[in-house]
Structure formats: structure tokens, C-alpha cells
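Here's coords31.cif, which has mmCIF, C-alpha atoms and all ligand atoms:
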```
data_protein
loop_
_atom_site.label_atom_id
_atom_site.label_comp_id
_atom_site.auth_asym_id
_atom_site.auth_seq_id
_atom_site.Cartn_x
_atom_site.Cartn_y
_atom_site.Cartn_z
CA MET A 1 -10.96 -2.13 -38.51
CA SER A 2 -13.04 1.04 -38.15
CA THR A 3 -11.68 4.36 -39.40
CA PRO A 4 -12.93 7.88 -38.61
CA LYS A 5 -15.93 8.91 -40.66
CA ALA A 6 -15.16 11.16 -43.61
CA ASN A 7 -15.27 14.94 -42.98
CA GLN A 8 -15.61 14.73 -39.21
CA PRO A 9 -13.34 16.89 -37.03
CA ALA A 10 -10.33 15.23 -35.41
CA LEU A 11 -10.75 15.16 -31.62
CA THR A 12 -8.90 17.77 -29.61
CA ILE A 13 -6.70 16.10 -27.01
CA PRO A 14 -4.56 17.69 -24.30
CA PRO A 15 -0.89 18.17 -25.10
CA ALA A 16 1.22 15.34 -23.68
CA VAL A 17 4.05 15.96 -21.26
CA GLN A 18 7.20 13.94 -21.70
CA HIS A 19 8.04 13.12 -18.10
CA ALA A 20 6.54 12.93 -14.60
CA ARG A 21 7.97 12.51 -11.12
CA ILE A 22 7.11 12.47 -7.44
CA HIS A 23 7.43 16.07 -6.24
CA GLY A 24 6.57 15.54 -2.59
CA LEU A 25 6.03 12.77 -0.07
CA GLY A 26 4.28 12.78 3.30
CA SER A 27 3.41 10.32 6.03
CA TYR A 28 1.39 9.95 9.18
CA ARG A 29 1.87 7.46 12.01
CA PRO A 30 -0.83 7.29 14.67
CA GLU A 31 0.27 8.10 18.22
CA ARG A 32 -0.61 4.85 19.94
CA VAL A 33 2.25 2.35 20.01
CA VAL A 34 1.08 -1.26 20.36
CA SER A 35 3.68 -3.69 21.64
CA ASN A 36 3.90 -7.40 20.85
CA ALA A 37 3.09 -8.01 24.52
CA GLU A 38 -0.24 -6.19 24.05
CA ILE A 39 -1.02 -8.26 20.92
CA CYS A 40 -0.24 -11.44 22.91
CA GLU A 41 -2.96 -10.57 25.44
CA ASN A 42 -5.40 -11.90 22.81
CA ILE A 43 -3.44 -14.68 21.07
CA ASP A 44 -1.26 -17.59 22.17
CA SER A 45 2.08 -16.19 20.99
CA SER A 46 5.16 -14.36 22.25
CA ASP A 47 7.21 -11.25 21.59
CA GLU A 48 10.12 -13.50 20.63
CA TRP A 49 8.07 -15.52 18.08
CA ILE A 50 6.60 -12.40 16.45
CA GLN A 51 9.98 -10.68 16.17
CA GLN A 52 11.67 -13.79 14.81
CA ARG A 53 8.94 -14.63 12.23
CA THR A 54 8.10 -11.10 11.06
CA GLY A 55 10.70 -8.61 12.34
CA ILE A 56 7.90 -6.62 13.99
CA ILE A 57 8.77 -5.14 17.40
CA GLU A 58 5.78 -2.82 17.67
CA ARG A 59 3.18 -1.17 15.47
CA ARG A 60 0.83 1.85 15.57
CA PHE A 61 -2.96 1.75 15.93
CA ALA A 62 -5.17 4.76 15.22
CA ALA A 63 -7.42 6.10 17.95
CA PRO A 64 -11.02 4.83 17.81
CA ASP A 65 -12.27 8.15 16.47
CA GLU A 66 -9.35 8.66 14.08
CA SER A 67 -10.37 7.92 10.49
CA ILE A 68 -8.49 7.12 7.30
CA ILE A 69 -9.46 10.63 6.15
CA ASP A 70 -7.82 12.18 9.25
CA MET A 71 -4.64 10.19 8.67
CA SER A 72 -4.47 10.84 4.93
CA GLU A 73 -5.13 14.57 5.43
CA ALA A 74 -2.00 14.84 7.59
CA ALA A 75 0.15 12.87 5.11
CA SER A 76 -1.21 14.79 2.09
CA LEU A 77 -0.51 18.21 3.61
CA GLN A 78 3.15 17.22 4.07
CA ALA A 79 3.40 15.90 0.51
CA MET A 80 1.79 19.05 -0.93
CA LYS A 81 4.11 21.27 1.12
CA GLN A 82 7.23 19.49 -0.12
CA ALA A 83 5.91 19.59 -3.70
CA GLY A 84 5.27 23.34 -3.38
CA VAL A 85 1.67 22.97 -4.57
CA THR A 86 -1.60 24.21 -3.10
CA ALA A 87 -5.07 22.70 -3.16
CA ASP A 88 -5.78 24.65 -6.36
CA ASP A 89 -3.02 22.79 -8.20
CA ILE A 90 -4.34 19.25 -7.57
CA ASP A 91 -6.48 17.90 -10.44
CA PHE A 92 -6.97 14.34 -9.28
CA ILE A 93 -6.92 12.20 -6.11
CA LEU A 94 -6.15 8.48 -6.30
CA PHE A 95 -6.93 7.03 -2.89
CA ALA A 96 -5.59 3.51 -2.25
CA THR A 97 -7.13 1.70 0.72
CA ILE A 98 -8.99 -1.42 1.79
CA SER A 99 -10.20 0.03 5.07
CA HIS A 100 -12.73 2.69 4.09
CA PRO A 101 -15.78 1.67 6.12
CA TYR A 102 -18.34 2.60 3.44
CA GLN A 103 -19.17 0.48 0.41
CA THR A 104 -19.98 3.76 -1.31
CA PRO A 105 -19.25 6.58 -1.85
CA ALA A 106 -15.45 6.54 -2.15
CA ALA A 107 -13.17 8.17 0.41
CA ALA A 108 -11.29 10.32 -2.12
CA PRO A 109 -13.97 13.06 -2.44
CA LEU A 110 -14.07 13.38 1.37
CA LEU A 111 -10.32 13.96 1.44
CA ALA A 112 -10.72 16.58 -1.28
CA ILE A 113 -13.18 18.52 0.91
CA ARG A 114 -10.80 18.32 3.89
CA LEU A 115 -7.91 19.63 1.82
CA GLY A 116 -9.99 22.35 0.14
CA ILE A 117 -9.43 20.87 -3.33
CA THR A 118 -12.33 22.03 -5.45
CA SER A 119 -13.88 19.49 -7.75
CA PRO A 120 -10.91 17.20 -8.46
CA GLY A 121 -11.25 13.85 -10.18
CA ALA A 122 -11.45 11.54 -7.17
CA LEU A 123 -11.68 7.78 -6.78
CA ASP A 124 -10.54 4.93 -4.56
CA LEU A 125 -8.24 2.11 -5.62
CA SER A 126 -8.72 -1.37 -4.21
CA ALA A 127 -5.46 -3.22 -4.72
CA ALA A 128 -4.55 -3.78 -1.05
CA CYS A 129 -0.79 -3.69 -0.42
CA ALA A 130 -0.11 -2.95 -4.11
CA GLY A 131 -2.55 0.00 -4.18
CA TYR A 132 -0.04 2.83 -3.74
CA CYS A 133 2.32 1.54 -6.45
CA TYR A 134 -0.65 1.12 -8.82
CA GLY A 135 -1.58 4.70 -7.95
CA ILE A 136 1.90 6.00 -8.78
CA SER A 137 1.74 4.21 -12.13
CA MET A 138 -1.68 5.63 -12.97
CA ALA A 139 -0.70 9.14 -11.84
CA ASN A 140 2.41 8.94 -14.02
CA ASP A 141 0.28 8.00 -17.03
CA MET A 142 -2.28 10.73 -16.32
CA VAL A 143 0.34 13.46 -16.02
CA ARG A 144 2.24 12.32 -19.09
CA SER A 145 -0.90 12.05 -21.22
CA GLY A 146 -1.92 15.56 -20.19
CA SER A 147 -5.18 14.54 -18.48
CA ALA A 148 -3.99 15.93 -15.12
CA LYS A 149 -1.17 18.24 -14.07
CA TYR A 150 -0.78 17.26 -10.41
CA VAL A 151 -2.17 14.04 -8.96
CA LEU A 152 -2.33 13.31 -5.23
CA VAL A 153 -1.74 9.60 -4.58
CA VAL A 154 -2.67 8.36 -1.10
CA GLY A 155 -2.05 4.99 0.55
CA VAL A 156 -3.81 4.67 3.89
CA GLU A 157 -5.13 1.93 6.17
CA LYS A 158 -6.85 1.51 9.50
CA LEU A 159 -6.49 -2.25 9.56
CA SER A 160 -7.02 -2.42 13.31
CA ASP A 161 -10.74 -2.21 12.42
CA TYR A 162 -10.55 -5.20 10.05
CA VAL A 163 -8.14 -7.65 11.69
CA ASP A 164 -9.43 -10.01 14.37
CA PRO A 165 -7.34 -9.40 17.51
CA HIS A 166 -7.95 -13.07 18.44
CA ASP A 167 -6.71 -14.47 15.11
CA ARG A 168 -3.34 -16.11 15.76
CA GLY A 169 -2.56 -16.06 12.03
CA SER A 170 -2.85 -12.32 11.38
CA ALA A 171 -3.34 -10.22 14.54
CA PHE A 172 0.38 -9.51 14.94
CA ILE A 173 1.05 -8.38 11.35
CA PHE A 174 -1.29 -5.56 10.38
CA ALA A 175 -1.39 -1.93 11.54
CA ASP A 176 -2.49 1.63 10.75
CA GLY A 177 -0.93 4.64 9.00
CA ALA A 178 -0.93 6.87 5.93
CA GLY A 179 1.40 7.96 3.16
CA ALA A 180 0.89 10.39 0.28
CA ALA A 181 2.72 11.57 -2.83
CA VAL A 182 2.21 14.41 -5.30
CA VAL A 183 2.99 13.40 -8.88
CA GLY A 184 3.43 16.09 -11.52
CA PRO A 185 5.32 17.12 -14.67
CA SER A 186 9.10 16.82 -14.73
CA ASP A 187 12.15 17.78 -16.82
CA PHE A 188 13.50 14.23 -16.53
CA PRO A 189 12.02 10.70 -16.31
CA GLY A 190 11.12 10.34 -12.61
CA ILE A 191 8.93 7.23 -12.71
CA GLY A 192 10.07 4.16 -14.63
CA PRO A 193 7.83 1.57 -16.31
CA THR A 194 5.53 -0.23 -13.89
CA LEU A 195 5.43 -4.01 -13.88
CA TYR A 196 2.07 -5.13 -12.57
CA GLY A 197 -0.01 -8.26 -12.46
CA SER A 198 -2.30 -10.44 -10.40
CA ASP A 199 -2.97 -14.07 -9.57
CA GLY A 200 -6.70 -14.54 -9.02
CA ASP A 201 -6.18 -18.25 -8.36
CA LYS A 202 -4.89 -17.19 -4.96
CA TRP A 203 -7.81 -14.83 -4.33
CA ASP A 204 -8.57 -16.57 -1.03
CA ASN A 205 -5.04 -16.20 0.38
CA ILE A 206 -5.80 -12.85 2.00
CA VAL A 207 -9.52 -12.33 2.11
CA GLN A 208 -12.44 -10.80 3.97
CA LYS A 209 -13.82 -13.91 5.71
CA ASP A 210 -17.48 -13.39 4.80
CA SER A 211 -19.17 -11.37 2.09
CA TRP A 212 -21.51 -8.54 3.09
CA LEU A 213 -24.33 -10.67 1.65
CA ASN A 214 -23.61 -13.45 4.17
CA LEU A 215 -23.67 -10.89 6.96
CA ARG A 216 -27.03 -9.58 5.73
CA GLU A 217 -28.41 -13.13 5.53
CA ALA A 218 -27.21 -13.86 9.07
CA ILE A 219 -28.84 -10.70 10.43
CA GLU A 220 -32.09 -10.81 8.47
CA ASN A 221 -32.68 -14.55 8.43
CA PRO A 222 -31.93 -16.15 11.83
CA GLU A 223 -33.09 -19.54 10.41
CA SER A 224 -30.18 -19.49 7.97
CA GLY A 225 -27.96 -20.91 10.70
CA LEU A 226 -25.36 -18.24 9.90
CA THR A 227 -23.77 -16.35 12.78
CA PRO A 228 -23.76 -12.59 12.34
CA ARG A 229 -20.08 -11.70 12.61
CA TRP A 230 -17.82 -8.91 11.51
CA PRO A 231 -16.08 -10.02 8.27
CA TYR A 232 -12.50 -9.77 9.45
CA ILE A 233 -9.58 -10.28 7.05
CA GLU A 234 -7.93 -13.68 7.21
CA MET A 235 -4.67 -14.83 5.66
CA LYS A 236 -3.02 -18.07 4.57
CA GLY A 237 0.37 -17.01 5.87
CA GLN A 238 2.55 -19.75 4.42
CA SER A 239 1.02 -19.57 0.96
CA VAL A 240 1.40 -15.78 0.84
CA PHE A 241 4.97 -16.10 2.03
CA ARG A 242 5.86 -18.58 -0.74
CA TRP A 243 4.16 -16.46 -3.41
CA ALA A 244 6.00 -13.32 -2.30
CA VAL A 245 9.38 -15.01 -2.26
CA PHE A 246 9.11 -17.14 -5.41
CA SER A 247 6.85 -15.05 -7.67
CA ILE A 248 7.45 -11.45 -6.59
CA ALA A 249 11.23 -11.40 -6.15
CA PRO A 250 11.72 -12.07 -9.92
CA ILE A 251 9.35 -9.17 -10.66
CA ALA A 252 11.66 -6.87 -8.69
CA LYS A 253 14.56 -7.93 -10.91
CA LYS A 254 12.55 -7.48 -14.12
CA THR A 255 11.43 -4.02 -13.01
CA LEU A 256 15.03 -2.91 -12.71
CA GLU A 257 15.76 -4.28 -16.17
CA ALA A 258 12.74 -2.47 -17.64
CA SER A 259 14.09 0.81 -16.24
CA GLY A 260 17.64 0.16 -17.42
CA VAL A 261 18.94 0.21 -13.86
CA THR A 262 21.29 -2.33 -12.29
CA PRO A 263 20.98 -3.34 -8.61
CA ASP A 264 24.22 -1.52 -7.69
CA GLN A 265 22.84 1.75 -9.12
CA LEU A 266 19.97 1.81 -6.62
CA ASP A 267 20.01 4.25 -3.70
CA ALA A 268 17.18 2.43 -1.92
CA PHE A 269 15.07 -0.69 -2.09
CA VAL A 270 11.58 -0.13 -0.70
CA PRO A 271 9.60 -3.36 -0.75
CA HIS A 272 6.10 -3.49 0.72
CA GLN A 273 6.60 -3.94 4.45
CA ALA A 274 4.83 -7.33 4.61
CA ASN A 275 7.32 -9.22 6.68
CA MET A 276 11.04 -8.66 7.33
CA ARG A 277 11.82 -12.22 6.21
CA ILE A 278 10.13 -11.61 2.84
CA SER A 279 12.23 -8.45 2.35
CA ASP A 280 15.39 -10.38 3.24
CA ALA A 281 14.53 -13.16 0.79
CA MET A 282 13.95 -10.59 -1.98
CA VAL A 283 17.27 -8.89 -1.29
CA LYS A 284 18.98 -12.27 -1.61
CA ALA A 285 17.11 -13.26 -4.78
CA MET A 286 17.93 -9.92 -6.43
CA LYS A 287 21.59 -10.18 -5.38
CA LEU A 288 21.26 -6.64 -4.07
CA PRO A 289 24.68 -5.26 -3.05
CA GLU A 290 25.04 -4.90 0.72
CA ASP A 291 25.50 -1.14 0.58
CA VAL A 292 22.05 -0.52 -0.99
CA PRO A 293 19.81 0.66 1.88
CA VAL A 294 16.70 -1.51 2.37
CA ALA A 295 13.51 -0.20 4.00
CA ARG A 296 12.93 -1.88 7.35
CA ASP A 297 10.11 0.30 8.59
CA ILE A 298 8.05 -2.78 9.48
CA ALA A 299 10.02 -3.18 12.74
CA THR A 300 8.20 -0.29 14.39
CA THR A 301 5.27 0.29 12.02
CA GLY A 302 3.94 -3.20 11.23
CA ASN A 303 2.34 -4.05 7.89
CA THR A 304 0.19 -1.07 6.88
CA SER A 305 -0.80 -2.46 3.45
CA ALA A 306 -1.38 0.42 0.99
CA ALA A 307 0.47 2.85 3.28
CA SER A 308 3.61 0.81 3.79
CA VAL A 309 5.70 1.86 0.75
CA PRO A 310 5.30 5.67 1.15
CA LEU A 311 5.67 5.39 4.94
CA ALA A 312 8.88 3.42 4.55
CA MET A 313 10.37 5.67 1.85
CA HIS A 314 9.50 8.82 3.77
CA ARG A 315 11.21 7.49 6.89
CA MET A 316 14.37 6.63 4.91
CA LEU A 317 14.49 10.12 3.39
CA GLN A 318 13.87 11.84 6.71
CA ALA A 319 16.47 9.73 8.50
CA GLY A 320 19.05 10.39 5.77
CA ASP A 321 19.20 6.67 4.93
CA ALA A 322 18.31 7.42 1.30
CA PRO A 323 19.17 10.55 -0.73
CA SER A 324 16.64 12.93 -2.20
CA GLY A 325 17.04 12.68 -6.00
CA GLY A 326 18.32 9.09 -5.75
CA LEU A 327 16.82 6.00 -7.40
CA ALA A 328 14.54 3.68 -5.45
CA LEU A 329 12.92 0.43 -6.48
CA GLN A 330 9.48 0.22 -4.84
CA ILE A 331 7.24 -2.81 -5.01
CA GLY A 332 3.79 -3.44 -3.56
CA PHE A 333 2.23 -6.91 -3.33
CA GLY A 334 -0.59 -8.55 -1.42
CA ALA A 335 -4.30 -9.42 -1.53
CA GLY A 336 -5.65 -10.20 -4.98
CA LEU A 337 -3.07 -11.52 -5.14
CA ALA A 338 -1.83 -8.39 -6.93
CA TYR A 339 1.46 -6.58 -7.37
CA ALA A 340 2.94 -3.43 -8.94
CA ALA A 341 6.55 -2.25 -9.02
CA GLN A 342 8.53 0.65 -10.47
CA VAL A 343 11.82 2.53 -10.11
CA VAL A 344 11.31 6.15 -9.02
CA VAL A 345 13.50 9.18 -8.44
CA MET A 346 12.94 10.01 -4.78
CA PRO A 347 11.66 13.54 -4.03
N1 LIG B 401 2.51 -17.35 17.67
C1 LIG B 401 3.24 -18.40 18.01
N2 LIG B 401 3.30 -19.53 17.27
C2 LIG B 401 2.57 -19.55 16.13
C3 LIG B 401 1.76 -18.48 15.73
C4 LIG B 401 1.74 -17.34 16.56
N3 LIG B 401 1.01 -16.25 16.25
N4 LIG B 401 1.16 -18.79 14.57
C5 LIG B 401 1.57 -20.04 14.25
N5 LIG B 401 2.43 -20.49 15.21
C6 LIG B 401 3.11 -21.75 15.26
C7 LIG B 401 2.32 -22.85 14.60
O1 LIG B 401 1.43 -23.45 15.49
C8 LIG B 401 3.41 -23.81 14.17
O2 LIG B 401 3.82 -24.57 15.29
P1 LIG B 401 4.33 -26.08 15.12
O3 LIG B 401 5.58 -25.99 14.26
O4 LIG B 401 4.59 -26.49 16.51
O5 LIG B 401 3.21 -26.79 14.44
C9 LIG B 401 4.58 -22.88 13.83
O6 LIG B 401 4.32 -21.63 14.52
C10 LIG B 401 4.72 -22.59 12.36
O7 LIG B 401 3.43 -22.21 11.87
P2 LIG B 401 3.28 -21.57 10.46
O8 LIG B 401 1.86 -21.26 10.17
O9 LIG B 401 4.02 -22.47 9.49
O10 LIG B 401 4.05 -20.22 10.68
P3 LIG B 401 5.01 -19.48 9.67
O11 LIG B 401 6.42 -19.78 9.93
O12 LIG B 401 4.53 -19.62 8.25
O13 LIG B 401 4.78 -17.98 10.12
C11 LIG B 401 3.59 -16.10 9.33
C12 LIG B 401 3.50 -17.44 10.04
C13 LIG B 401 2.21 -15.50 9.22
C14 LIG B 401 4.49 -15.17 10.15
C15 LIG B 401 4.23 -16.32 7.94
O14 LIG B 401 3.56 -17.34 7.25
C16 LIG B 401 4.23 -15.11 7.12
O15 LIG B 401 4.91 -14.17 7.44
N6 LIG B 401 3.48 -15.11 5.99
C17 LIG B 401 3.40 -13.97 5.12
C18 LIG B 401 2.39 -13.08 5.66
C19 LIG B 401 2.42 -11.74 5.06
O16 LIG B 401 3.45 -11.19 4.79
N7 LIG B 401 1.26 -11.18 4.86
C20 LIG B 401 1.11 -9.92 4.35
C21 LIG B 401 1.10 -9.94 2.89
S1 LIG B 401 0.60 -8.42 2.39
#
```

I need this file expressed as C-alpha cells, please.
Ligand code: COA
Amino acid sequence: MSTPKANQPALTIPPAVQHARIHGLGSYRPERVVSNAEICENIDSSDEWIQQRTGIIERRFAAPDESIIDMSEAASLQAMKQAGVTADDIDFILFATISHPYQTPAAAPLLAIRLGITSPGALDLSAACAGYCYGISMANDMVRSGSAKYVLVVGVEKLSDYVDPHDRGSAFIFADGAGAAVVGPSDFPGIGPTLYGSDGDKWDNIVQKDSWLNLREAIENPESGLTPRWPYIEMKGQSVFRWAVFSIAPIAKKTLEASGVTPDQLDAFVPHQANMRISDAMVKAMKLPEDVPVARDIATTGNTSAASVPLAMHRMLQAGDAPSGGLALQIGFGAGLAYAAQVVVMP
């Protein structure tokens, strides 16, 4: 084991802070409401089938010229207002998305410019539907270790650009929207331990159909026999469903245990809005008491991947379905397959 060299100075490190919490939450739903009937113009399905299998009645799609930066700007401004912070207070932006249309650079620095945040640490997180909960965990660690005072965590998607409207297996699930949270120092523990993990064996369960390299080959080498096509996201619905119900529901239980919270002490359960039947199965597996409010934002918002947890929690708080200051279990899971879950004190 190596030890510090003799006579060298000990490194100066920032003073740690004991606790962190979410100080403010914001959300943005695009204006355009897309009904199941509209989705069924492109696939052989029905409003009844979609509602019964997913709980989705309608979803929102962003306008063609509306970007993930536009949507996250609106959500972030709300979160910053509730937190009582200005652009000058934000040290770091963690931007969770899988629908930024540039391989590089990241979207986070663009959001910083929009919000007038000068020179923050800024990077994107690629953990699909778990991205926001990973972001909350990382922000918590950054604030507590003293490496940032206030961290802006964004979860945003414009999946209407990446889902094939003619794909019967996925066109009805995914949608667009943004959520944001400001994490900062706290007098009490506001973010419990995060349980996270991944199952790379199921990497192909939710996946971009073709790699960019295949697309390049198809365009540049017509003799390759490859068809140049947009690499839409495709999903093995049944396999994802089983994984979520059998592998992720136990994680929800363990997360509560890690925080020292029992199911009856929760003021809200906010699972990733993947599918209403998955949420119902988790509620059953956790033996969640009937009076604990469960997020059901998917009915009118669809599955917005990284945005779904903050969108759903914000709606519950605004509607008075969950109390500010109460305890919520939030859990994100999806492509990777990856997951992250924690108990938080709601702002
Ligand atoms: N409309 C109407 N019928 C459809 C259909 C559609 N869009 N897609 C499939 N079907 C039919 C199938 O043809 C099949 O018919 P059959 O019984 O006559 O052969 C039947 O419905 C069942 O097909 P299956 O693929 O088993 O559907 P399912 O019950 O698994 O439901 C999903 C499909 C996608 C709704 C479901 O698997 C699911 O919700 N998976 C999880 C997806 C998810 O949450 N993803 C996000 C994770 S982040």
C-alpha cells in the first residue's frame, strides 16, 4: 500500500457538509397533446389496448423546433425559483438525457448559457430512465463532500425524435418533457442512500437499433447492402416488463430499508413512469399501504424516460397529492438495463 511521501504537504480539501436536500423542483410539459387515436394512425392498435396494457391515455410531444434545451430551461427556472437561488449560486449542472441530438459536445453547457450560469461544471448523464435518480445521488455526494454548493439536476427527453411512429412495440409508450431539481446543503438528511446497479446482459432490451457506424457505412458504402435508416430505439417489451417487476421491485424494498423507513411512513411513491402495470406490480410487491399516494402521471404524460420521476413528483406536489417536506421513495429504471433509487424529503 502506498503512503504519502515524507515531508510533503497534506492536500487541502473543501470542508464537507453533513447533509443535502432537494430545495426546488420544476417541470415542463410540451403543449401538444397526442391521443392514442393519433398514435394508432401509424400502428395496428387501439385506444383500448394501449390504455389496458400501459395506462396511457395521452402523452405530450414537443414542437418540431422545440429542443431539450428549451424544455429544460423552463423546468430549471421553476426549480431555481422554488429553491430561492440565482444563476450565480449554481456550481454544477448534471443533465440526464438520451435524446440530445449531438454526439458531442454535451447539452449541459448549452443549458448553462441559457440560464446565465457562468462557468459551472457541466456534463450529461446517459442512464436513460434511471438518469435523474443517478443525478440526484451524484449531486447529493457532491454537495456533501463540499465540491459544489448547489447542483442543478435535469432530466429531459424529446423521445418523439427517437421512437419509430410505425413500431407497434414502442410507439405508444414514449413521450417528451422535462424536470429539474436544485440540490444543496441542508440542516437535516434530505436524500437517503441510493441503491443503484445495472444488468448489461440485457443491454439489447431497450436499444438504439443501429450504431452510428452502421449508418455511416450505409451512407458511404452503398455496396455494403445496408439501408441508411434513422437508428430508432427499439424495445423487448415483455423482457423489460419481467425485469422491472421481478428485479426492480425488491430494490424498492431494500432502498426503504437502507434509509430506515417503513412503507407506511412514506408520503409518496414515485416510480419511473414506465407503464402503469409495472407501478401496480411494484406497489403489490412492496406491500405498500393503500393510503400511500402513488405517482400515476403516465396516464397523461406517457413514459418520458429521464424526465418521468421529477415530472411525476412535481405534479403530485402541485396537485396536493403529496406534502412538501414529506418522504418519497423515487426509483428510476430502464435501458442499460440500469436502475437507481433513493428516499428523498420532497421540497
Ligand atoms: N397494439 C395492439 N396489440 C398489440 C400491440 C399493440 N401495439 N403490440 C402487441 N400486441 C398484441 C400482440 O400481437 C399479442 O397478440 P396475440 O396475443 O394475439 O399474439 C398481444 O398483444 C400480446 O403481445 P405482447 O408483446 O406479449 O404484449 P404485452 O402484453 O407484453 O404488452 C407492452 C406489450 C410493451 C405494453 C409490455 O410488454 C410492456 O409494457 N413492457 C414494458 C415496457 C416498458 O415499460 N418500457 C419502458 C421501460 S423504461

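Closest approach to ligand LIG 401 (chain B) among A:Val240, A:Met282, A:Leu195, A:Leu213: A:Val240, based on all atoms listed in the file.
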
Between CA of Thr118 in chain A and CA of Gly179 in chain A - distance in Å to one decimal: 21.5 Å

Surrounding residues as a short mmCIF file (atom, residue, chain, number, x, y, z; two decimals) with C-alpha atoms, in the coordinates of the input, ligand LIG 401 (chain B), max 6 Å, all atoms listed in the file:
```cif
data_model
loop_
_atom_site.label_atom_id
_atom_site.label_comp_id
_atom_site.auth_asym_id
_atom_site.auth_seq_id
_atom_site.Cartn_x
_atom_site.Cartn_y
_atom_site.Cartn_z
CA ASP A 44 -1.26 -17.59 22.17
CA SER A 45 2.08 -16.19 20.99
CA TRP A 49 8.07 -15.52 18.08
CA ARG A 53 8.94 -14.63 12.23
CA THR A 54 8.10 -11.10 11.06
CA CYS A 129 -0.79 -3.69 -0.42
CA ARG A 168 -3.34 -16.11 15.76
CA GLY A 169 -2.56 -16.06 12.03
CA GLY A 237 0.37 -17.01 5.87
CA GLN A 238 2.55 -19.75 4.42
CA VAL A 240 1.40 -15.78 0.84
CA PHE A 241 4.97 -16.10 2.03
CA ALA A 274 4.83 -7.33 4.61
CA ASN A 275 7.32 -9.22 6.68
CA GLY A 334 -0.59 -8.55 -1.42
#
```

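Counting only C-alpha atoms, the residue from A:Ile93, A:Asp280, A:Asp264, A:Ala83 that sits nearest to Ser119 in chain A is A:Ile93.
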
Test item: which residues lie within 7 Å of (-11.9, -9.9, 4.8) counting all atoms listed in the file, as a count of residues only: 8

Within 8 Å of Ala63 in chain A using only C-alpha atoms, minus same-chain residues under 5 positions, as number ranges by chain: A: 30-32

Point (0.0, -4.1, -9.2), cut-off 6 Å, counting all atoms listed in the file, residues as a VMD selection string: chain A and resid 130 134 196 to 197 338 to 340

Residues of range 158-273 of chain A within 9 Å of range 295-315 of chain A: nearest atom pair and distance (Å, one decimal) for each, counting only C-alpha atoms, sorted by chain and number, as CSV?
```
residue,atom,partner,partner_atom,distance
A:Lys158,CA,A:Thr304,CA,7.9
A:Leu159,CA,A:Thr304,CA,7.3
A:Phe172,CA,A:Gly302,CA,8.1
A:Ile173,CA,A:Asn303,CA,5.7
A:Phe174,CA,A:Asn303,CA,4.7
A:Ala175,CA,A:Thr304,CA,5.0
A:Asp176,CA,A:Thr304,CA,5.4
A:Gly177,CA,A:Ala307,CA,6.2
A:Ala178,CA,A:Ala307,CA,5.0
A:Gly179,CA,A:Pro310,CA,4.9
A:Ala180,CA,A:Pro310,CA,6.5
A:Ala181,CA,A:Pro310,CA,7.6
A:Ala268,CA,A:Ala295,CA,7.4
A:Phe269,CA,A:Ala295,CA,6.3
A:Val270,CA,A:Ala295,CA,5.1
A:Pro271,CA,A:Val309,CA,6.7
A:His272,CA,A:Val309,CA,5.4
A:Gln273,CA,A:Ile298,CA,5.4
```

Output, as AutoDock Vina command-line options, the centre and edge lengths in Å (one decimal) of the axis-aligned box that contains all listed atoms of range 312-317 of chain A with 3 Å of margin on each side.
```
--center_x 11.7 --center_y 6.8 --center_z 4.4 --size_x 11.6 --size_y 12.7 --size_z 11.0
```

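For the atom pair formed by CA of Ala128 in chain A and CA of Pro293 in chain A, the distance is 24.9 Å, given to one decimal.
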
Residue neighbourhood Gln18 in chain A, 12 Å, all atoms listed in the file, exclusion window fewer than 6 positions, as a PyMOL selection string: chain A and resi 140-146+184-191

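Counting from CA of Ser211 in chain A, the distance to CA of Thr227 in chain A is 12.7 Å.
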
Among listed residues A:Ala258, A:Ala218, A:Ile206, A:Met316, nearest Val343 in chain A (using only C-alpha atoms): A:Ala258

Residue rebuild result range 322-326 of chain A, all heavy atoms as an mmCIF file, in the frame of the given file:
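Output (out_13.cif):
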```
data_model
loop_
_atom_site.group_PDB
_atom_site.id
_atom_site.type_symbol
_atom_site.label_atom_id
_atom_site.label_comp_id
_atom_site.auth_asym_id
_atom_site.auth_seq_id
_atom_site.Cartn_x
_atom_site.Cartn_y
_atom_site.Cartn_z
ATOM 1 N N ALA A 322 18.407 7.427 2.761
ATOM 2 C CA ALA A 322 18.310 7.420 1.300
ATOM 3 C C ALA A 322 18.354 8.882 0.844
ATOM 4 O O ALA A 322 17.805 9.754 1.520
ATOM 5 C CB ALA A 322 17.011 6.762 0.843
ATOM 6 N N PRO A 323 19.018 9.157 -0.295
ATOM 7 C CA PRO A 323 19.170 10.550 -0.730
ATOM 8 C C PRO A 323 18.010 11.054 -1.590
ATOM 9 O O PRO A 323 17.534 10.343 -2.475
ATOM 10 C CB PRO A 323 20.458 10.482 -1.575
ATOM 11 C CG PRO A 323 20.461 9.092 -2.128
ATOM 12 C CD PRO A 323 19.749 8.203 -1.156
ATOM 13 N N SER A 324 17.604 12.269 -1.327
ATOM 14 C CA SER A 324 16.640 12.930 -2.200
ATOM 15 C C SER A 324 17.267 13.015 -3.606
ATOM 16 O O SER A 324 18.443 13.341 -3.738
ATOM 17 C CB SER A 324 16.362 14.320 -1.641
ATOM 18 O OG SER A 324 15.670 15.086 -2.580
ATOM 19 N N GLY A 325 16.503 12.670 -4.641
ATOM 20 C CA GLY A 325 17.040 12.680 -6.000
ATOM 21 C C GLY A 325 17.622 11.336 -6.423
ATOM 22 O O GLY A 325 17.929 11.132 -7.585
ATOM 23 N N GLY A 326 17.772 10.415 -5.447
ATOM 24 C CA GLY A 326 18.320 9.090 -5.750
ATOM 25 C C GLY A 326 17.262 8.152 -6.325
ATOM 26 O O GLY A 326 16.061 8.461 -6.335
#
```
